[in-house]
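Have a look at the structure below before the remarks.
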Amino acid sequence: MHTRRAVSDPAAAQDLAAYAAGVAEMQARSQADPLDPLGWEYQSLIHGNTSNPPTRGAHTPTDFSMCQHGVWFFLPWHRMYLVQFERIIAAASGYADFALPYWDYDSLVGITMPPAFDDPTSALYDSTRNFRPPNAAPPPAWQQAPTFRRFGGPPGPAVHLGQEAGQLELNPHNFVHGIVGGNMASFQSPLDPLFWIHHCNIDRLWDVWAREPHHDHPVDPAFGNTAFSFPDPIEPGGRRTLTVAEVLDTTAIDYVYDDRPGEPGPTPHSIVGMAGGRGDDDELQVLSSSDSPGGVRDSVQLAAPEPVPGLTATPGSGSLFLALENVGIESGDASSMWHVYVTSNRSGTRHLVGTISPFGLAQATATGGRDSYLFDVTEITEDIEGADLDISFEPVYDDVTAEPFWDRVALYRGG
Amino acid sequence: MNDLLAADGTRLIQLEVVATGVAVAVGLIVHGHDVADLSQHGVAETSLMAAAMMLPVTALTVPLVMRRNLVERRGRAVAEHLSGFAVVWAAFGLGAALIVVWGRGLAGAAMLFALGCAVAVAWQLSARRVDLARRCGRLRCAPLRGWRQAAVTVQGGADHGTRCVRTCGPAMVAMLAAPSAAAMVAVWLASLWQWIPGPSPHLARGARRSAIVYGAAGAVVLVAAAVPG
């Protein structure tokens with residue numbers, strides 16, 4: 001059983017050294033043969049590339065551009081991807097006990113680059129980065145997500161670019177991709193060694209969420225029985241196939257996190273204020289919406305909803321979500337981020353409720369797809385429910401030029 | 001369709017089986033063993049049949065229509081969505097029936113069916129079709145009130161129907177051109193088979209499976225027609 005440790009933990013030093021050695025070996029393989037399935041470039045292409053629309057390799061059409069986003073396979077597919085990567089690094093580095101460290105950022109505002117990844121002489125360095133911690137960040141709503149649909153993404157077929165990200169994918173996953181920039185801001189993000197420790201933390205947060213009471217995984221066989229196949233350095237035939245059901249418990253695939261010594265853990269590392277579930281919120285009711293399509297240069301007004309006795313859910317019950325529906329963008333990458341603010345006419349307080357980080361959105365838009373962003377605003381229910389709302393947007397960075405647009409902005413209540 | 005299918009791929013198949021079973025039963029009662037012969041049905045009846053057989057697909061988009069509309073207007077919004085969808089498929093059925101009647105007169109039933117299957121095979125294997133299948137259920141967001149709410153919702157149903165026609169139309173034409181009930185059922189079953197959830201990338205794999213059946217069905221009918229007696 002491997003233990004994945006925080007990258008800042010001195011006990012992770014041997015893993016970091018093995019990681020650097022393994023990356024160097026994988027990069028050398030790609031230099032010799034770009035189609036080596038255990039090479040650095042091939043592994044990155046399994047995730048995706050930057051072309052619009054995403055293309056598949058001519059030699060192995062089922063391998064490339066297979067990362068799952070905006071759908072319930074986002075978390076299990078990336079878990080499998082990391083497990084396989086760990087096996088490749090262990091074999092390449094010669095360190096059989098290698099466990100991928102996780103990037104233990106406490107807060108995105110205070111996020112720092114791990115020193116081992118900031119050394120230009122190291123294989124863990126990536127010169128394309130444009131690392132910029134933001135001045136503000138919305139609260140991490142994944143902690144309050146009561147269902148897997150809200151937490152991890154909606155049901156759907158295995159798809160490279162889905163239509164609606166779960167709360168964890170929105171923040172911090174997409175946000176960190178944008179904060180780092182460069183390769184990390186596109187679907188060729190695995191070219192940056194930071195990608196793997198970032199996703200290791202995302203995987204850890206999934207483990208944290210799943211250990212909470214009443215946080216259950218979908219029982220639908222379309223979820224658990226879906227399988228994905230990856231190159232493997234050990235298995236006969238050089239391939240390993242895993243089903244989603246096989247990876248829902250990390251101990252079944254031979255690893256735990258350092259804050260989980262085999263038992264349900266104490267307050268997880270760096271996470272405070274875990275809220276209990278509020279029940280199944282899949283029964284959404286729209287309360288109010290904008291009247292026409294718009295974009296981030298527009299200020300949107302949502303009038304106070306008119307409740308219908310006997311039909312509309314009781315005010316104050318359930319969750320509240322602010323939805324940006326059918327969002328597209330013509331250009332830009334994950335670093336083209338925009339903060340979303342809600343101001344009610346009740347208090348005049350301006351709340352930062354979410355961030356649009358268009359990771360993969362330009363590629364989706366190019367093929368006629370759109371994403372919807374659901375921001376959990378339940379924490380400010382008292383201020384916004386029954387009030388007229390002003391929705392406004394600000395770029396996270398001054399040099400952002402790409403501007404998302406949408407069909408509609410709407411306020412929803414969950415059950 | 002990715003927000004609605006996959007987990008619901010099985011449900012779509014179940015609904016299609018019921019809807020088509022009812023349509024076939026009615027057809028058998030009315031037309032007996034000539035149920036597959038469109039010249040017996042007439043163009044109008046074929047148009048209605050196409051719309052009826054494809055209506056179960058809207059069971060996957062209706063929940064999204066309901067979610068995006070005010071509680072007190074959900075019923076009306078669903079009716080608006082269905083009307084846009086049904087009009088498109090009825091128009092498709094009309095056009096397909098005319099093609100079949102004309103084509104049979106020109107090339108014969110067996111050759112027409114084989115040609116239809118060949119077109120369906122080529123379309124099934126295209127990457128463009130797989131992409132369309134993934135985005136089949138994308139719906140516009142309408143305002144909550146006013147005439148634009150109805151207009152955008154009806155348009156959304158029509159858009160969905162149009163994407164549906166683009167995804168499955170060639171196979172549907174082949175099915176309508178089938179010279180026998182057995183050939184019609186083979187194409188119909190193959191069309192359902194592709195939606196069964198499976199290993200990734202399941203949409204592409206499903207499309208290939210169906211293409212094999214379309215090709216086999218066309219070849220069998222063509223060979224059978226060429227055999228003397």
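Simple scheme: letters A, B, ... for chains in structure tokens order, numbers from 1 for residues in each chain, numbers from 1 for ligands in the order shown.
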Selection near stretch 108-121 of chain A, 8 Å with only C-alpha atoms, sequence-local residues under 4 positions removed, as an MDAnalysis selection string: chainID A and resid 7:8 16 103 125:127 133:137 172 176 193:194
Spatial neighbours of B:Val88, 10 Å, only C-alpha atoms, chain gap at least 5 places, as a list in words: Ala50, Ala51, Ser83, Gly93, Leu94, Gly157, Ala158, Asp159, His160, Gly161, Thr162, Arg163, Cys164 and Val165 of chain B
Convert the current residue selection to file output with N, CA, C and O atoms, as a tab-separated table (two decimals), in the first residue's frame.
```tsv
chain	number	residue	atom	x	y	z
B	50	ALA	N	-42.83	8.10	-38.81
B	50	ALA	CA	-41.47	8.55	-38.50
B	50	ALA	C	-41.47	9.43	-37.26
B	50	ALA	O	-40.63	9.28	-36.37
B	51	ALA	N	-42.44	10.35	-37.19
B	51	ALA	CA	-42.51	11.24	-36.03
B	51	ALA	C	-42.79	10.43	-34.76
B	51	ALA	O	-42.17	10.66	-33.71
B	83	SER	N	-43.62	19.81	-30.00
B	83	SER	CA	-44.22	20.20	-31.29
B	83	SER	C	-43.13	20.55	-32.30
B	83	SER	O	-43.21	20.16	-33.46
B	93	GLY	N	-40.08	12.39	-42.46
B	93	GLY	CA	-40.81	11.20	-42.89
B	93	GLY	C	-41.46	11.40	-44.25
B	93	GLY	O	-41.45	10.50	-45.09
B	94	LEU	N	-41.98	12.60	-44.45
B	94	LEU	CA	-42.60	12.92	-45.74
B	94	LEU	C	-41.56	12.83	-46.86
B	94	LEU	O	-41.77	12.17	-47.89
B	157	GLY	N	-36.89	22.60	-29.78
B	157	GLY	CA	-37.36	21.27	-30.16
B	157	GLY	C	-37.04	20.96	-31.62
B	157	GLY	O	-36.62	19.84	-31.95
B	158	ALA	N	-37.23	21.96	-32.46
B	158	ALA	CA	-36.92	21.77	-33.88
B	158	ALA	C	-35.41	21.57	-34.09
B	158	ALA	O	-35.00	20.74	-34.91
B	159	ASP	N	-34.60	22.31	-33.35
B	159	ASP	CA	-33.13	22.13	-33.46
B	159	ASP	C	-32.73	20.73	-33.03
B	159	ASP	O	-31.90	20.08	-33.67
B	160	HIS	N	-33.34	20.27	-31.94
B	160	HIS	CA	-33.03	18.92	-31.48
B	160	HIS	C	-33.44	17.91	-32.55
B	160	HIS	O	-32.70	16.97	-32.86
B	161	GLY	N	-34.64	18.09	-33.10
B	161	GLY	CA	-35.09	17.18	-34.15
B	161	GLY	C	-34.17	17.20	-35.36
B	161	GLY	O	-33.86	16.16	-35.95
B	162	THR	N	-33.69	18.38	-35.70
B	162	THR	CA	-32.79	18.50	-36.85
B	162	THR	C	-31.47	17.78	-36.60
B	162	THR	O	-30.96	17.05	-37.48
B	163	ARG	N	-30.92	17.97	-35.40
B	163	ARG	CA	-29.67	17.26	-35.10
B	163	ARG	C	-29.90	15.76	-35.09
B	163	ARG	O	-29.04	14.98	-35.51
B	164	CYS	N	-31.08	15.38	-34.61
B	164	CYS	CA	-31.45	13.96	-34.58
B	164	CYS	C	-31.52	13.41	-36.01
B	164	CYS	O	-31.04	12.31	-36.29
B	165	VAL	N	-32.15	14.17	-36.89
B	165	VAL	CA	-32.25	13.74	-38.29
B	165	VAL	C	-30.86	13.61	-38.89
B	165	VAL	O	-30.56	12.63	-39.60
```
Chain B contacts on chain A, only C-alpha atoms, 7 Å, as a list in words: Pro154, Pro155, Gly156, Pro157, Ala158, Gly162, Gln163, Ala222, Thr226, Ala227, Phe228, Leu284, Gln285, Val286, Leu287, Ser289, Ser290, Asp291, Ser292, Leu311, Thr312, Gly369, Asp407 and Arg408 of chain A
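The interatomic distance for the pair atom CA of B:Trp102 and atom CA of B:Met184 works out to 18.5 Å.
Residue neighbourhood of B:Met111, excluding near-sequence residues (fewer than 6 positions): B:Val100, B:Gly103, B:Arg104, B:Gly105, B:Cys117, B:Ala118, B:Ala174, B:Ala177, B:Ala178, B:Pro179, B:Ala217, B:Gly218, B:Ala219, B:Val220, B:Val221, B:Leu222, B:Val223, B:Ala224, B:Ala225, B:Ala226, at 12 Å, using only C-alpha atoms.
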Could you save those same residues with N, CA and C atoms as a PDB file, in the first residue's frame?
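For reference, again_35.pdb as written:
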```pdb
ATOM      1  N   VAL B 100     -38.390   7.049 -51.119  1.00  0.00           N
ATOM      2  CA  VAL B 100     -38.537   5.598 -51.218  1.00  0.00           C
ATOM      3  C   VAL B 100     -39.463   5.231 -52.384  1.00  0.00           C
ATOM      4  N   GLY B 103     -37.648   6.103 -55.555  1.00  0.00           N
ATOM      5  CA  GLY B 103     -36.472   5.262 -55.741  1.00  0.00           C
ATOM      6  C   GLY B 103     -36.819   3.835 -56.119  1.00  0.00           C
ATOM      7  N   ARG B 104     -37.881   3.350 -55.538  1.00  0.00           N
ATOM      8  CA  ARG B 104     -38.279   1.978 -55.864  1.00  0.00           C
ATOM      9  C   ARG B 104     -38.713   1.889 -57.318  1.00  0.00           C
ATOM     10  N   GLY B 105     -39.385   2.912 -57.750  1.00  0.00           N
ATOM     11  CA  GLY B 105     -39.802   2.923 -59.146  1.00  0.00           C
ATOM     12  C   GLY B 105     -38.617   2.967 -60.091  1.00  0.00           C
ATOM     13  N   CYS B 117     -28.538   1.466 -47.250  1.00  0.00           N
ATOM     14  CA  CYS B 117     -27.648   0.890 -46.235  1.00  0.00           C
ATOM     15  C   CYS B 117     -26.210   1.346 -46.450  1.00  0.00           C
ATOM     16  N   ALA B 118     -25.802   1.434 -47.706  1.00  0.00           N
ATOM     17  CA  ALA B 118     -24.435   1.876 -47.990  1.00  0.00           C
ATOM     18  C   ALA B 118     -24.222   3.308 -47.508  1.00  0.00           C
ATOM     19  N   ALA B 174     -32.969   4.141 -44.789  1.00  0.00           N
ATOM     20  CA  ALA B 174     -32.743   2.740 -45.135  1.00  0.00           C
ATOM     21  C   ALA B 174     -33.838   1.858 -44.543  1.00  0.00           C
ATOM     22  N   ALA B 177     -36.955   2.132 -46.416  1.00  0.00           N
ATOM     23  CA  ALA B 177     -36.829   1.533 -47.745  1.00  0.00           C
ATOM     24  C   ALA B 177     -36.750   0.014 -47.701  1.00  0.00           C
ATOM     25  N   ALA B 178     -36.809  -0.555 -46.509  1.00  0.00           N
ATOM     26  CA  ALA B 178     -36.651  -2.012 -46.391  1.00  0.00           C
ATOM     27  C   ALA B 178     -37.737  -2.736 -47.176  1.00  0.00           C
ATOM     28  N   PRO B 179     -37.333  -3.727 -47.976  1.00  0.00           N
ATOM     29  CA  PRO B 179     -38.311  -4.442 -48.790  1.00  0.00           C
ATOM     30  C   PRO B 179     -39.071  -5.517 -48.023  1.00  0.00           C
ATOM     31  N   ALA B 217     -27.038  -6.208 -43.842  1.00  0.00           N
ATOM     32  CA  ALA B 217     -28.441  -6.259 -44.259  1.00  0.00           C
ATOM     33  C   ALA B 217     -28.583  -5.888 -45.728  1.00  0.00           C
ATOM     34  N   GLY B 218     -27.895  -4.833 -46.133  1.00  0.00           N
ATOM     35  CA  GLY B 218     -27.970  -4.411 -47.536  1.00  0.00           C
ATOM     36  C   GLY B 218     -27.428  -5.469 -48.464  1.00  0.00           C
ATOM     37  N   ALA B 219     -26.309  -6.092 -48.060  1.00  0.00           N
ATOM     38  CA  ALA B 219     -25.703  -7.120 -48.903  1.00  0.00           C
ATOM     39  C   ALA B 219     -26.600  -8.344 -49.022  1.00  0.00           C
ATOM     40  N   VAL B 220     -27.178  -8.752 -47.920  1.00  0.00           N
ATOM     41  CA  VAL B 220     -28.044  -9.943 -47.931  1.00  0.00           C
ATOM     42  C   VAL B 220     -29.252  -9.716 -48.838  1.00  0.00           C
ATOM     43  N   VAL B 221     -29.862  -8.575 -48.709  1.00  0.00           N
ATOM     44  CA  VAL B 221     -31.054  -8.279 -49.531  1.00  0.00           C
ATOM     45  C   VAL B 221     -30.674  -8.230 -51.006  1.00  0.00           C
ATOM     46  N   LEU B 222     -29.539  -7.644 -51.307  1.00  0.00           N
ATOM     47  CA  LEU B 222     -29.110  -7.524 -52.705  1.00  0.00           C
ATOM     48  C   LEU B 222     -28.817  -8.894 -53.304  1.00  0.00           C
ATOM     49  N   VAL B 223     -28.134  -9.728 -52.542  1.00  0.00           N
ATOM     50  CA  VAL B 223     -27.798 -11.071 -53.019  1.00  0.00           C
ATOM     51  C   VAL B 223     -29.071 -11.897 -53.191  1.00  0.00           C
ATOM     52  N   ALA B 224     -29.963 -11.786 -52.220  1.00  0.00           N
ATOM     53  CA  ALA B 224     -31.218 -12.553 -52.294  1.00  0.00           C
ATOM     54  C   ALA B 224     -32.023 -12.156 -53.523  1.00  0.00           C
ATOM     55  N   ALA B 225     -32.001 -10.890 -53.856  1.00  0.00           N
ATOM     56  CA  ALA B 225     -32.756 -10.415 -55.013  1.00  0.00           C
ATOM     57  C   ALA B 225     -32.139 -10.887 -56.319  1.00  0.00           C
ATOM     58  N   ALA B 226     -30.809 -11.106 -56.292  1.00  0.00           N
ATOM     59  CA  ALA B 226     -30.112 -11.508 -57.516  1.00  0.00           C
ATOM     60  C   ALA B 226     -30.233 -12.996 -57.784  1.00  0.00           C
TER      61      ALA B 226
END
```
Can you list, as a compact mmCIF listing (two decimals) with all heavy atoms, in the first residue's frame, all residues belonging to stretch 185-387 of chain A that DSSP tags as alpha helix (DSSP H)?
```txt
# COMPACT_ATOMS: atom_id res chain seq x y z
N LEU A 194 3.67 19.74 -13.04
CA LEU A 194 2.74 20.22 -12.00
C LEU A 194 1.36 19.59 -12.17
O LEU A 194 0.63 19.42 -11.19
CB LEU A 194 2.60 21.74 -12.06
CG LEU A 194 3.56 22.58 -11.22
CD1 LEU A 194 3.28 24.06 -11.49
CD2 LEU A 194 3.41 22.27 -9.74
N PHE A 195 1.00 19.27 -13.41
CA PHE A 195 -0.33 18.69 -13.68
C PHE A 195 -0.60 17.50 -12.77
O PHE A 195 -1.67 17.38 -12.18
CB PHE A 195 -0.41 18.27 -15.14
CG PHE A 195 -1.61 17.42 -15.47
CD1 PHE A 195 -2.79 18.01 -15.90
CD2 PHE A 195 -1.57 16.02 -15.36
CE1 PHE A 195 -3.91 17.23 -16.21
CE2 PHE A 195 -2.68 15.25 -15.66
CZ PHE A 195 -3.84 15.85 -16.09
N TRP A 196 0.39 16.65 -12.64
CA TRP A 196 0.16 15.37 -11.96
C TRP A 196 -0.02 15.57 -10.46
O TRP A 196 -0.84 14.90 -9.83
CB TRP A 196 1.31 14.42 -12.28
CG TRP A 196 1.44 14.22 -13.77
CD1 TRP A 196 2.25 14.92 -14.63
CD2 TRP A 196 0.72 13.30 -14.58
NE1 TRP A 196 2.07 14.48 -15.93
CE2 TRP A 196 1.13 13.50 -15.92
CE3 TRP A 196 -0.23 12.31 -14.32
CZ2 TRP A 196 0.62 12.73 -16.98
CZ3 TRP A 196 -0.74 11.56 -15.37
CH2 TRP A 196 -0.30 11.77 -16.69
N ILE A 197 0.73 16.50 -9.87
CA ILE A 197 0.56 16.70 -8.43
C ILE A 197 -0.69 17.55 -8.15
O ILE A 197 -1.29 17.43 -7.08
CB ILE A 197 1.81 17.31 -7.76
CG1 ILE A 197 2.07 18.75 -8.22
CG2 ILE A 197 3.03 16.44 -7.99
CD1 ILE A 197 3.12 19.44 -7.34
N HIS A 198 -1.09 18.37 -9.10
CA HIS A 198 -2.35 19.10 -8.98
C HIS A 198 -3.51 18.11 -9.00
O HIS A 198 -4.39 18.14 -8.13
CB HIS A 198 -2.47 20.12 -10.11
CG HIS A 198 -3.85 20.68 -10.29
ND1 HIS A 198 -4.61 21.18 -9.24
CD2 HIS A 198 -4.62 20.84 -11.40
CE1 HIS A 198 -5.78 21.60 -9.69
NE2 HIS A 198 -5.81 21.42 -10.99
N HIS A 199 -3.51 17.22 -9.96
CA HIS A 199 -4.60 16.25 -10.03
C HIS A 199 -4.55 15.26 -8.89
O HIS A 199 -5.57 14.69 -8.49
CB HIS A 199 -4.61 15.54 -11.39
CG HIS A 199 -5.50 16.21 -12.38
ND1 HIS A 199 -6.84 15.93 -12.45
CD2 HIS A 199 -5.26 17.19 -13.28
CE1 HIS A 199 -7.40 16.71 -13.39
NE2 HIS A 199 -6.46 17.48 -13.90
N CYS A 200 -3.37 15.05 -8.35
CA CYS A 200 -3.27 14.20 -7.16
C CYS A 200 -4.03 14.85 -6.00
O CYS A 200 -4.73 14.18 -5.24
CB CYS A 200 -1.81 13.97 -6.80
SG CYS A 200 -1.54 12.62 -5.64
N ASN A 201 -3.94 16.17 -5.89
CA ASN A 201 -4.70 16.85 -4.84
C ASN A 201 -6.20 16.81 -5.13
O ASN A 201 -7.02 16.65 -4.21
CB ASN A 201 -4.25 18.30 -4.69
CG ASN A 201 -4.80 18.93 -3.41
OD1 ASN A 201 -4.73 18.32 -2.33
ND2 ASN A 201 -5.34 20.12 -3.52
N ILE A 202 -6.58 16.97 -6.39
CA ILE A 202 -8.00 16.86 -6.75
C ILE A 202 -8.51 15.47 -6.38
O ILE A 202 -9.61 15.30 -5.84
CB ILE A 202 -8.20 17.15 -8.25
CG1 ILE A 202 -7.77 18.58 -8.60
CG2 ILE A 202 -9.66 16.90 -8.66
CD1 ILE A 202 -8.52 19.65 -7.83
N ASP A 203 -7.70 14.46 -6.68
CA ASP A 203 -8.08 13.08 -6.33
C ASP A 203 -8.22 12.93 -4.82
O ASP A 203 -9.12 12.26 -4.32
CB ASP A 203 -7.02 12.13 -6.88
CG ASP A 203 -7.40 10.66 -6.67
OD1 ASP A 203 -8.20 10.16 -7.47
OD2 ASP A 203 -6.90 10.05 -5.70
N ARG A 204 -7.31 13.57 -4.09
CA ARG A 204 -7.37 13.50 -2.63
C ARG A 204 -8.65 14.16 -2.11
O ARG A 204 -9.30 13.65 -1.19
CB ARG A 204 -6.14 14.18 -2.01
CG ARG A 204 -6.08 14.12 -0.48
CD ARG A 204 -4.88 14.91 0.03
NE ARG A 204 -5.05 16.34 -0.15
CZ ARG A 204 -5.65 17.14 0.72
NH1 ARG A 204 -6.15 16.64 1.84
NH2 ARG A 204 -5.75 18.43 0.48
N LEU A 205 -9.02 15.29 -2.68
CA LEU A 205 -10.24 15.97 -2.24
C LEU A 205 -11.48 15.10 -2.53
O LEU A 205 -12.46 15.15 -1.79
CB LEU A 205 -10.36 17.33 -2.92
CG LEU A 205 -9.24 18.33 -2.58
CD1 LEU A 205 -9.47 19.66 -3.28
CD2 LEU A 205 -9.11 18.53 -1.08
N TRP A 206 -11.44 14.34 -3.60
CA TRP A 206 -12.52 13.38 -3.87
C TRP A 206 -12.58 12.35 -2.74
O TRP A 206 -13.65 12.03 -2.23
CB TRP A 206 -12.28 12.71 -5.22
CG TRP A 206 -13.29 11.63 -5.57
CD1 TRP A 206 -14.54 11.44 -5.03
CD2 TRP A 206 -13.11 10.60 -6.54
NE1 TRP A 206 -15.15 10.36 -5.62
CE2 TRP A 206 -14.30 9.83 -6.55
CE3 TRP A 206 -12.08 10.25 -7.41
CZ2 TRP A 206 -14.47 8.72 -7.39
CZ3 TRP A 206 -12.25 9.16 -8.26
CH2 TRP A 206 -13.43 8.40 -8.23
N ASP A 207 -11.42 11.85 -2.34
CA ASP A 207 -11.35 10.88 -1.26
C ASP A 207 -11.90 11.49 0.03
O ASP A 207 -12.65 10.84 0.77
CB ASP A 207 -9.89 10.45 -1.07
CG ASP A 207 -9.74 9.31 -0.08
OD1 ASP A 207 -10.42 8.28 -0.25
OD2 ASP A 207 -8.94 9.45 0.86
N VAL A 208 -11.57 12.75 0.27
CA VAL A 208 -12.08 13.46 1.45
C VAL A 208 -13.61 13.54 1.41
O VAL A 208 -14.29 13.24 2.39
CB VAL A 208 -11.46 14.88 1.52
CG1 VAL A 208 -12.21 15.77 2.51
CG2 VAL A 208 -9.97 14.79 1.89
N TRP A 209 -14.14 13.95 0.27
CA TRP A 209 -15.59 14.11 0.14
C TRP A 209 -16.30 12.77 0.33
O TRP A 209 -17.32 12.69 1.01
CB TRP A 209 -15.91 14.69 -1.23
CG TRP A 209 -17.37 14.93 -1.49
CD1 TRP A 209 -18.10 16.06 -1.21
CD2 TRP A 209 -18.30 14.01 -2.10
NE1 TRP A 209 -19.41 15.91 -1.60
CE2 TRP A 209 -19.57 14.66 -2.14
CE3 TRP A 209 -18.20 12.72 -2.60
CZ2 TRP A 209 -20.70 14.05 -2.68
CZ3 TRP A 209 -19.33 12.11 -3.12
CH2 TRP A 209 -20.56 12.78 -3.17
N ALA A 210 -15.72 11.73 -0.28
CA ALA A 210 -16.39 10.43 -0.28
C ALA A 210 -16.45 9.83 1.13
O ALA A 210 -17.30 8.97 1.40
CB ALA A 210 -15.66 9.47 -1.23
N PRO A 221 -25.27 1.24 -13.15
CA PRO A 221 -24.21 0.46 -13.80
C PRO A 221 -23.54 1.21 -14.94
O PRO A 221 -22.38 0.91 -15.27
CB PRO A 221 -24.95 -0.79 -14.34
CG PRO A 221 -26.31 -0.76 -13.80
CD PRO A 221 -26.58 0.55 -13.16
N ALA A 222 -24.23 2.17 -15.53
CA ALA A 222 -23.60 2.96 -16.60
C ALA A 222 -22.41 3.75 -16.06
O ALA A 222 -21.54 4.15 -16.82
CB ALA A 222 -24.62 3.91 -17.23
N PHE A 223 -22.39 3.98 -14.74
CA PHE A 223 -21.24 4.63 -14.12
C PHE A 223 -20.19 3.59 -13.75
O PHE A 223 -19.07 3.60 -14.26
CB PHE A 223 -21.71 5.40 -12.87
CG PHE A 223 -20.63 6.11 -12.11
CD1 PHE A 223 -19.98 7.20 -12.67
CD2 PHE A 223 -20.29 5.73 -10.81
CE1 PHE A 223 -18.99 7.88 -11.97
CE2 PHE A 223 -19.30 6.42 -10.11
CZ PHE A 223 -18.64 7.49 -10.68
N GLY A 224 -20.55 2.65 -12.90
CA GLY A 224 -19.58 1.71 -12.36
C GLY A 224 -19.01 0.73 -13.36
O GLY A 224 -17.86 0.30 -13.24
N LEU A 361 -12.87 25.16 -22.97
CA LEU A 361 -14.12 25.73 -23.48
C LEU A 361 -14.00 26.16 -24.94
O LEU A 361 -14.94 26.01 -25.71
CB LEU A 361 -14.55 26.90 -22.60
CG LEU A 361 -15.91 27.53 -22.93
CD1 LEU A 361 -17.02 26.49 -22.88
CD2 LEU A 361 -16.22 28.68 -21.97
N ALA A 362 -12.85 26.71 -25.30
CA ALA A 362 -12.69 27.13 -26.70
C ALA A 362 -12.79 25.93 -27.64
O ALA A 362 -13.38 26.02 -28.73
CB ALA A 362 -11.36 27.85 -26.88
N GLN A 363 -12.22 24.82 -27.24
CA GLN A 363 -12.30 23.62 -28.07
C GLN A 363 -13.75 23.14 -28.18
O GLN A 363 -14.19 22.74 -29.26
CB GLN A 363 -11.44 22.51 -27.47
CG GLN A 363 -9.95 22.71 -27.66
CD GLN A 363 -9.14 21.57 -27.10
OE1 GLN A 363 -9.18 21.28 -25.91
NE2 GLN A 363 -8.40 20.91 -27.95
N ALA A 364 -14.47 23.17 -27.06
CA ALA A 364 -15.87 22.76 -27.11
C ALA A 364 -16.66 23.69 -28.01
O ALA A 364 -17.47 23.25 -28.84
CB ALA A 364 -16.46 22.75 -25.70
N THR A 365 -16.43 24.99 -27.87
CA THR A 365 -17.19 25.97 -28.67
C THR A 365 -16.93 25.77 -30.15
O THR A 365 -17.84 25.90 -30.98
CB THR A 365 -16.81 27.40 -28.25
OG1 THR A 365 -17.00 27.54 -26.84
CG2 THR A 365 -17.66 28.43 -28.97
N ALA A 366 -15.68 25.44 -30.50
CA ALA A 366 -15.32 25.28 -31.91
C ALA A 366 -16.09 24.15 -32.58
O ALA A 366 -16.26 24.14 -33.80
CB ALA A 366 -13.82 25.04 -32.04
N THR A 381 -27.73 32.77 0.96
CA THR A 381 -29.18 32.73 0.74
C THR A 381 -29.88 33.88 1.46
O THR A 381 -30.76 34.53 0.90
CB THR A 381 -29.75 31.40 1.25
OG1 THR A 381 -29.21 30.34 0.46
CG2 THR A 381 -31.26 31.38 1.14
N GLU A 382 -29.49 34.11 2.68
CA GLU A 382 -30.19 35.12 3.49
C GLU A 382 -30.16 36.49 2.82
O GLU A 382 -31.11 37.27 2.92
CB GLU A 382 -29.51 35.20 4.86
CG GLU A 382 -30.40 35.75 5.96
CD GLU A 382 -29.72 35.64 7.31
OE1 GLU A 382 -29.42 34.50 7.72
OE2 GLU A 382 -29.47 36.70 7.91
N ASP A 383 -29.07 36.78 2.12
CA ASP A 383 -28.93 38.09 1.50
C ASP A 383 -29.62 38.17 0.15
O ASP A 383 -30.09 39.22 -0.27
CB ASP A 383 -27.45 38.45 1.35
CG ASP A 383 -27.25 39.88 0.91
OD1 ASP A 383 -28.11 40.74 1.25
OD2 ASP A 383 -26.25 40.18 0.24
N ILE A 384 -29.65 37.05 -0.60
CA ILE A 384 -30.10 37.15 -1.99
C ILE A 384 -31.50 36.62 -2.24
O ILE A 384 -32.14 37.00 -3.23
CB ILE A 384 -29.11 36.43 -2.94
CG1 ILE A 384 -29.11 34.92 -2.69
CG2 ILE A 384 -27.72 37.04 -2.82
CD1 ILE A 384 -28.25 34.15 -3.69
```
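Taking atom CA of A:Ala90 as the reference point, atom CA of A:Arg211 is found at 28.0 Å.
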Contacts of stretch 297-302 of chain A at 6 Å (only C-alpha atoms; same-chain gap of 2+ positions) as a PyMOL selection string: chain A and resi 289+295+388-392
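Here atom CA of A:Asp376 stands at a distance of 11.1 Å from atom CA of A:Asn171.
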Contacts of A:Ala185 at 8 Å (only C-alpha atoms; same-chain gap of 6+ positions) as a count of residues only: 6
Of the listed residues A:Val340, A:Ala165, A:Leu38, A:Leu352, that which approaches A:Ala91 most closely, counting only C-alpha atoms: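 The answer is A:Leu38, which sits nearest to A:Ala91.
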All residues 12 Å or closer to A:Met1, only C-alpha atoms, same chain fewer than 6 positions away omitted, as a PyMOL selection string: chain A and resi 96-99+250-258+261-262
Contacts between stretch 393-399 of chain A and stretch 146-258 of chain A, please, where a residue of stretch 146-258 of chain A counts if it comes within 12 Å (with only C-alpha atoms); show its shortest atom pair and distance in Å to one decimal, rows by chain and ascending number, as a tab-separated table.
```
residue	atom	partner	partner_atom	distance
A:Phe175	CA	A:Val396	CA	10.3
A:Gly178	CA	A:Val396	CA	9.7
A:Ile179	CA	A:Val396	CA	9.5
A:Gly181	CA	A:Tyr397	CA	11.6
```
Spatial neighbours of A:Ile89, 12 Å, only C-alpha atoms, chain gap at least 2 places, as a ChimeraX atom specification: /A:15-27,38-40,43,82-87,91-100,193,196,232-234
